[in-house]
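Visitor: Below you'll find the structure I mean.
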Amino acid sequence: MATAGFTELNMNYWFYAYGDVTSFEGLGNLRLVSRMRHAFSSCTAVTELDLTGFDPSSLTDLFYAFAGCSALTTIYVDADWALPSGCTGNQCFYSCKSLVGGNGTARASGKTGMAYCVVDKDGQAGYLTAKA
């Protein structure tokens, strides 16, 4: 996706309630994404999301970004995935009851905020999986 002339890309509600969609391609090509409010909310048939190549450095809002993705088991990201300071995201993983991070951290009730939008590894509980 060309970003010439863009200062930021808003993904709010892009795929909201795409219940029958099972996969997405090309997400790693997106640049300058700032907001992902409800971006994948209620995509109930998706089991894996591949965000490798996706640059999170411009993100400011992950409010309910993956909420309601009840079949989602894995979110792949680059090993160096890191959210910028100031990014917010209440209920980012609300009702993602099948989600498990790459080191085995299972999504837990009450632990659904963007604090868990990190790579799951020793000493750092998260719901993301670093893709080799």
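Ordered as shown in the structure tokens, chains take letters A, B, and onward, while each chain numbers its residues from 1 and ligands are numbered from 1 in the order shown.
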With only C-alpha atoms as the counted atoms, please give the residues lying no more than 12 Å from Ala79 of chain A, apart from itself and same-chain residues fewer than 6 positions off, as a list in words.
Guide: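 Within the cut-off, the hits are Leu51, Thr52, Gly53, Phe54, Asp55, Gly102, Val118, Val119, Asp120, Lys121, Leu128, Thr129, Ala130, Lys131 and Ala132 of chain A.
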Visitor: Would you return as a ChimeraX atom specification the members of segment 11-100 of chain A that DSSP assigns to helix (DSSP H, G or I) on this structure's backbone?
Guide: /A:27-29,56-58
Visitor: Save the residues we just selected, C-alpha atoms, as a PDB file, in the first residue's frame?
Guide:
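Generated output (again01.pdb):
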ATOM      1  CA  LEU A  27      -1.298  -6.571   6.677  1.00  0.00           C
ATOM      2  CA  GLY A  28       2.498  -6.375   6.946  1.00  0.00           C
ATOM      3  CA  ASN A  29       2.492  -3.898   4.068  1.00  0.00           C
ATOM      4  CA  PRO A  56       3.473  -0.625  15.305  1.00  0.00           C
ATOM      5  CA  SER A  57       5.561   2.507  15.982  1.00  0.00           C
ATOM      6  CA  SER A  58       2.768   4.928  14.976  1.00  0.00           C
TER       7      SER A  58
END
Visitor: Just the strand (DSSP E or B) stuff from chain A, please, per backbone DSSP, written as number ranges by chain.
Guide: A: 9-10, 33-35, 48-50, 61, 74-77, 88, 100, 106, 108, 111, 119, 121, 124, 128-130
Visitor: Output C-alpha atoms for every residue in that selection, as a short mmCIF file (atom, residue, chain, number, x, y, z; two decimals), in the first residue's frame.
Guide:
data_model
loop_
_atom_site.label_atom_id
_atom_site.label_comp_id
_atom_site.auth_asym_id
_atom_site.auth_seq_id
_atom_site.Cartn_x
_atom_site.Cartn_y
_atom_site.Cartn_z
CA LEU A 9 -3.58 5.61 8.43
CA ASN A 10 -6.77 5.02 10.38
CA VAL A 33 -1.15 3.06 11.11
CA SER A 34 -2.19 5.17 14.09
CA ARG A 35 -5.62 3.88 15.09
CA GLU A 48 -4.66 -16.65 13.03
CA LEU A 49 -3.58 -13.11 12.21
CA ASP A 50 -0.20 -12.49 10.63
CA ASP A 61 -5.28 3.48 19.82
CA THR A 74 -2.45 -16.84 17.36
CA ILE A 75 -1.32 -13.34 16.40
CA TYR A 76 2.08 -13.42 14.67
CA VAL A 77 4.35 -10.37 14.83
CA THR A 88 -3.90 3.08 24.65
CA VAL A 100 -2.45 -17.99 23.39
CA ALA A 106 -3.34 -18.01 27.62
CA ALA A 108 -7.30 -14.61 30.84
CA LYS A 111 -6.23 -9.37 31.38
CA VAL A 119 5.49 -10.75 22.38
CA LYS A 121 8.42 -14.66 26.18
CA GLN A 124 7.05 -11.03 29.71
CA LEU A 128 1.58 -12.22 20.60
CA THR A 129 3.81 -14.81 18.96
CA ALA A 130 7.14 -13.89 17.37
#
Visitor: Produce a table with one row for each residue of segment 41-114 of chain A that has an atom at most 7 Å from any atom of segment 16-20 of chain A, each row naming the nearest atom pair and its distance in Å at one decimal; use only C-alpha atoms; arrange rows by chain and rising residue number; format as a tab-separated table.
Guide:
residue	atom	partner	partner_atom	distance
A:Ser41	CA	A:Tyr16	CA	5.0
A:Ser42	CA	A:Ala17	CA	4.5
A:Cys43	CA	A:Gly19	CA	4.7
A:Thr44	CA	A:Gly19	CA	5.0
A:Ala45	CA	A:Asp20	CA	5.7
Visitor: Could you write out the selected residues, including C-alpha atoms, as a tab-separated table (two decimals), in the first residue's frame?
Guide:
chain	number	residue	atom	x	y	z
A	41	SER	CA	-13.60	-6.87	16.37
A	42	SER	CA	-16.05	-9.75	15.96
A	43	CYS	CA	-14.09	-11.52	13.22
A	44	THR	CA	-15.32	-14.75	14.74
A	45	ALA	CA	-13.98	-17.18	12.09
Visitor: Within 7 Å of segment 65-69 of chain A, counting only C-alpha atoms, which residues qualify if same-chain residues fewer than 2 places away don't, as a JSON list (two decimals) with C-alpha atoms, in the first residue's frame?
Guide:
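Ended up saving to part35.json:
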[["chain", "number", "residue", "atom", "x", "y", "z"],
["A", 36, "MET", "CA", -7.00, 0.35, 15.11],
["A", 37, "ARG", "CA", -10.16, 0.86, 17.17],
["A", 38, "HIS", "CA", -12.38, -2.21, 16.57],
["A", 39, "ALA", "CA", -10.20, -3.05, 13.51],
["A", 40, "PHE", "CA", -10.80, -6.81, 13.79],
["A", 41, "SER", "CA", -13.60, -6.87, 16.37],
["A", 42, "SER", "CA", -16.05, -9.75, 15.96],
["A", 43, "CYS", "CA", -14.09, -11.52, 13.22],
["A", 44, "THR", "CA", -15.32, -14.75, 14.74],
["A", 46, "VAL", "CA", -10.36, -15.95, 12.09],
["A", 62, "LEU", "CA", -5.99, -0.25, 20.11],
["A", 63, "PHE", "CA", -9.39, 0.07, 21.80],
["A", 71, "ALA", "CA", -11.67, -18.43, 17.46],
["A", 72, "LEU", "CA", -8.42, -16.43, 17.28],
["A", 91, "GLN", "CA", -10.32, -4.29, 26.14],
["A", 92, "CYS", "CA", -7.98, -4.92, 23.21],
["A", 93, "PHE", "CA", -8.41, -8.69, 23.66],
["A", 94, "TYR", "CA", -11.92, -8.77, 25.14],
["A", 95, "SER", "CA", -13.59, -12.16, 24.51],
["A", 96, "CYS", "CA", -10.60, -13.61, 22.66]]
Visitor: For Cys117 of chain A, list every protein, DNA or RNA residue within 8 Å, evaluated using only C-alpha atoms, and leave out those in the same chain fewer than 2 positions away; present the list as a ChimeraX atom specification.
Guide: /A:83,113-115,119,126-128
Visitor: Can I get the selected residues back with N, CA and C atoms, as a PDB file, in the first residue's frame?
Guide:
ATOM      1  N   LEU A  83       5.075  -1.522  21.108  1.00  0.00           N
ATOM      2  CA  LEU A  83       4.137  -0.400  21.013  1.00  0.00           C
ATOM      3  C   LEU A  83       4.818   0.867  21.518  1.00  0.00           C
ATOM      4  N   GLY A 113      -6.316  -5.914  28.247  1.00  0.00           N
ATOM      5  CA  GLY A 113      -5.864  -4.616  27.750  1.00  0.00           C
ATOM      6  C   GLY A 113      -4.629  -4.708  26.885  1.00  0.00           C
ATOM      7  N   MET A 114      -4.231  -3.566  26.355  1.00  0.00           N
ATOM      8  CA  MET A 114      -3.101  -3.516  25.433  1.00  0.00           C
ATOM      9  C   MET A 114      -1.772  -3.823  26.107  1.00  0.00           C
ATOM     10  N   ALA A 115      -1.740  -3.903  27.414  1.00  0.00           N
ATOM     11  CA  ALA A 115      -0.514  -4.308  28.104  1.00  0.00           C
ATOM     12  C   ALA A 115      -0.090  -5.708  27.670  1.00  0.00           C
ATOM     13  N   VAL A 119       5.040  -9.390  22.683  1.00  0.00           N
ATOM     14  CA  VAL A 119       5.493 -10.746  22.382  1.00  0.00           C
ATOM     15  C   VAL A 119       5.608 -11.525  23.691  1.00  0.00           C
ATOM     16  N   GLY A 126       2.432 -12.082  27.385  1.00  0.00           N
ATOM     17  CA  GLY A 126       1.756 -11.388  26.292  1.00  0.00           C
ATOM     18  C   GLY A 126       0.993 -12.377  25.444  1.00  0.00           C
ATOM     19  N   TYR A 127       0.210 -11.850  24.515  1.00  0.00           N
ATOM     20  CA  TYR A 127      -0.611 -12.708  23.670  1.00  0.00           C
ATOM     21  C   TYR A 127      -0.117 -12.778  22.230  1.00  0.00           C
ATOM     22  N   LEU A 128       1.054 -12.211  21.963  1.00  0.00           N
ATOM     23  CA  LEU A 128       1.585 -12.215  20.601  1.00  0.00           C
ATOM     24  C   LEU A 128       2.677 -13.274  20.467  1.00  0.00           C
TER      25      LEU A 128
END
